[in-house]
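K.L.:
Below is one structure. I have some questions about it.
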Amino acid sequence: MGTPVSPGGENLKGPDIVTTPPGTKAQAIVDGDHEFLMTSTKTSPIVGVRGEGSMVEDVDGNVYIDFTSGIGVTNTGHCHPRVVEAITEQAKKLHHFAGTDFYYDAQVSLARKLVDIAPGDHDKKIFFTNSGTESVEAAIKITRWHTQRQHHIAFVGAFHGRTMGSLGLTASKPVHKDRFFPWMPGVVHVPYPNRYRPVAGVDTEDLTTFTIDLIEKHLDAYMVDQVASIFVEPVQGEGGYVIPPDDFLPALQRLAADRGIPTVADEVQAGFGRTGKMFASENFGFVPDLVTMAKGMGSGMPIGAVAARAEMDFGVQGAHSNTYGGNLVASAAAEATIDVIQEENLCDNAIVQGKLIMQRLTELQERFPKIGDVRGLGLMIAAEFVKDTETKEYAADLRNRIVEESYKRGLILLPCGRSAIRFIPPLVINEEEVTAAMDVFDEAVAVASK
């Protein structure tokens, strides 16, 4: 296939830093943010005002290559013309009419597409949400309602959201849970099979067996028949972009089926083409009972969904609902997003460009051994930094310096895990942009490592 050109990229060329960020205009907005907004997760003092394809311009005229996609959201690139057109046309007609209480053709049309693309040939139904954590909350309720059980299994390193139900499943960083207890009870966490950081004493080739046996022991010892679901990220996101062994998810599916436990694949960050497949589960032949999704689903519009086996429908009005789920404008954006991903072969491009990034990172690792591990699928890639390759001690300070040196040179990056950097550019990125970005990253690593 040919390499696509980022839509609108002919207008925004980058990277181009004319004012060291934050510039004067950006600093004023950053100061206002600190004064009026509550503390969240800001990582870089970049104030975006315009975006096209893989490029973002800030208020001071700096142009950056965006390797964050708004935290895995703008998979079709910034302001893809087809998505903009779909949003504009719907906004002219009707913004909102509560699709949970009334009826929209837009919801039915989008639901058909989601049923078609979600893993598995079984009958499915869709519940629309506004975000990833709300999709996870809905999946918790669907599985509890369907099984009439109370407990859940999740994994160490998991990130499923920050609301109180999903927070019970999350086990990524201490700050997520500090001072918020009690969150949802009834969750048991087991180690995720991490090939770079395996459980002490466990050989890498035995990780799947170890994890599945551990779950079996938990079930037999005290969880009995009270497990409503097993939540798993096919590729762990905030936990460090950890990719499991190829046999892990199929083995987990067999265990769950034998025990009559629904599996929930959290595809919020990994879905919609990010890994080179529409959903990451497809890379492993994993067919979950439920799929949670959001982020890349709407190309920047706030929308999420759960695709569940049809027999898991509540079947009772009022058991679960919301106000904005499947909003008309967001639904239009989501349907256009799916069309763009499919018709412009963005999954294929994710594989092509992902291989180029992996190649550059592997070459860089040979020169900078503090890059302890390089891992990825498609355009969901991470480089983990360590103080020493033998001890694998985390090097968070070095990682943070590299992120800073990168944005000062026109490349926006985000951290993940305890000392990794994630590489998640829009799926429309082309070879020229990847090459420019990796040249910047190479320089940033060299400067930060001095």
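The chains in the structure tokens are called A, B, ... from first to last as shown; in each chain the residues are counted from 1, and the ligands are counted from 1 in the order shown.
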Tell me, as a list in words, which residues lie within 12 Å of Thr209 in chain A, counting only C-alpha atoms; anything in the same chain fewer than 6 positions away does not count.
P.N.:
Pro191, Tyr192, Pro193, Val202, Asp203, Ile215, Glu216, Pro245, Asp247, Phe248, Leu249, Pro250, Ala251, Leu252 and Leu255 of chain A
K.L.:
Please, which residues in range 130-213 of chain A fall within 10 Å of range 323-335 of chain A when counting only C-alpha atoms, and what is the closest atom pair and distance in Å to one decimal for each, ordered by chain then residue number, as a tab-separated table?
P.N.:
```
residue	atom	partner	partner_atom	distance
A:Asn130	CA	A:Gly325	CA	5.3
A:Ser131	CA	A:Gly325	CA	8.8
A:Glu134	CA	A:Gly325	CA	9.5
A:Ser135	CA	A:Gly325	CA	9.9
```
K.L.:
Those same residues - N, CA and C atoms - I'd like them written as a CSV table (one decimal), in the first residue's frame.
P.N.:
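The resulting file, again_2.csv, is shown below:
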```
chain,number,residue,atom,x,y,z
A,130,ASN,N,-19.6,7.9,27.5
A,130,ASN,CA,-18.9,9.1,27.2
A,130,ASN,C,-17.4,9.1,27.3
A,131,SER,N,-16.9,8.0,27.9
A,131,SER,CA,-15.4,7.9,28.2
A,131,SER,C,-15.0,6.4,28.5
A,134,GLU,N,-16.1,5.2,32.0
A,134,GLU,CA,-17.6,4.9,32.0
A,134,GLU,C,-17.9,3.6,31.3
A,135,SER,N,-17.1,3.3,30.3
A,135,SER,CA,-17.3,2.0,29.6
A,135,SER,C,-17.0,0.9,30.5
```
K.L.:
What residues in range 107-235 of chain A get the DSSP label strand (DSSP E or B)? Please answer as an NGL selection string.
P.N.:
:A and (124-129 or 151-156 or 187-191 or 227-232)
K.L.:
Determine the nearest neighbour of Gly72 in chain A from the options A:Thr275, A:Thr362, A:Gln107, A:Gln269, counting only C-alpha atoms.
P.N.:
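Nearest to Gly72 in chain A: A:Gln269.
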K.L.:
Do a neighbour search on range 11-28 of chain A at 9 Å with only C-alpha atoms, toss out local chain neighbours closer than 5 positions, and write the hits as a PyMOL selection string.
P.N.:
chain A and resi 33+44-48+51-53+55-65+407-411+433+436-437+440
K.L.:
Could you write those residues out with C-alpha atoms, as a tab-separated table (two decimals), in the first residue's frame?
P.N.:
```tsv
chain	number	residue	atom	x	y	z
A	33	ASP	CA	-4.55	26.99	34.31
A	44	SER	CA	4.36	19.49	29.08
A	45	PRO	CA	3.71	23.27	28.87
A	46	ILE	CA	2.32	23.07	25.34
A	47	VAL	CA	-0.79	25.13	24.53
A	48	GLY	CA	-2.26	23.85	21.31
A	51	GLY	CA	-3.81	20.73	14.43
A	52	GLU	CA	-3.59	18.99	11.06
A	53	GLY	CA	-2.79	15.34	10.60
A	55	MET	CA	1.08	18.18	13.50
A	56	VAL	CA	0.06	20.58	16.27
A	57	GLU	CA	0.73	24.32	16.45
A	58	ASP	CA	0.88	26.17	19.78
A	59	VAL	CA	-0.08	29.75	20.66
A	60	ASP	CA	3.48	30.99	20.14
A	61	GLY	CA	3.79	29.59	16.61
A	62	ASN	CA	5.76	26.45	17.45
A	63	VAL	CA	4.87	23.43	15.31
A	64	TYR	CA	5.24	19.97	16.82
A	65	ILE	CA	5.03	16.41	15.60
A	407	TYR	CA	9.22	18.87	23.14
A	408	LYS	CA	11.83	21.63	23.21
A	409	ARG	CA	12.87	20.35	19.78
A	410	GLY	CA	9.38	19.88	18.36
A	411	LEU	CA	8.32	16.36	19.32
A	433	GLU	CA	7.17	12.50	9.62
A	436	ALA	CA	11.83	13.58	11.41
A	437	ALA	CA	10.37	12.62	14.79
A	440	VAL	CA	14.51	14.61	17.15
```
K.L.:
Quick one: DSSP alpha helix (DSSP H) residues in range 185-247 of chain A, as a CSV table (one decimal) with C-alpha atoms, in the first residue's frame?
P.N.:
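Writing done, so here's states34.csv:
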```csv
chain,number,residue,atom,x,y,z
A,207,LEU,CA,4.8,-16.9,32.4
A,208,THR,CA,1.5,-17.9,30.9
A,209,THR,CA,1.4,-21.2,32.8
A,210,PHE,CA,2.4,-19.4,36.0
A,211,THR,CA,-0.4,-16.8,35.6
A,212,ILE,CA,-3.1,-19.2,34.7
A,213,ASP,CA,-2.2,-21.6,37.5
A,214,LEU,CA,-2.3,-18.6,40.0
A,215,ILE,CA,-5.8,-17.6,38.8
A,216,GLU,CA,-6.9,-21.2,39.2
A,217,LYS,CA,-5.6,-21.4,42.7
A,218,HIS,CA,-7.4,-18.2,43.7
```
K.L.:
Considering only C-alpha atoms, state which residue in the set A:Gly376, A:Asp121, A:Gln150, A:Tyr103 is at the smallest distance from Val224 in chain A.
P.N.:
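The closest residue to Val224 in chain A is A:Gln150.
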K.L.:
Give me the residues near range 229-240 of chain A as a PyMOL selection string, where near means some atom within 6 Å (using only C-alpha atoms) and where sequence neighbours in that chain fewer than 6 positions away do not count.
P.N.:
chain A and resi 152-154+157-159+172+261-266+281+416-417
K.L.:
Sorted by chain and rising residue number, list the residues of range 189-289 of chain A at most 9 Å from range 301-316 of chain A (counting only C-alpha atoms), each with its closest atom pair and distance in Å to one decimal, as JSON lines.
P.N.:
```
{"residue": "A:Val264", "atom": "CA", "partner": "A:Ala308", "partner_atom": "CA", "distance": 8.8}
{"residue": "A:Val268", "atom": "CA", "partner": "A:Gly304", "partner_atom": "CA", "distance": 8.1}
{"residue": "A:Pro288", "atom": "CA", "partner": "A:Ala308", "partner_atom": "CA", "distance": 8.7}
{"residue": "A:Asp289", "atom": "CA", "partner": "A:Arg309", "partner_atom": "CA", "distance": 5.8}
```
K.L.:
A:Leu346, A:Ile421, A:Ala395, A:Leu356: which is nearest Gly77 in chain A, counting only C-alpha atoms?
P.N.:
A:Leu346
K.L.:
So, with only C-alpha atoms as the atoms that count, which of A:Gln365, A:Phe423, A:Val445, A:Thr39 lies closest to Leu398 in chain A?
P.N.:
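Looking at the shortest contact to Leu398 in chain A, the residue is A:Val445.
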K.L.:
Just checking: using only C-alpha atoms, which residue out of A:Val227, A:Val190, A:Ala171, A:Leu110 ends up closest to Thr147 in chain A?
P.N.:
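Smallest distance to Thr147 in chain A is found for A:Val227.
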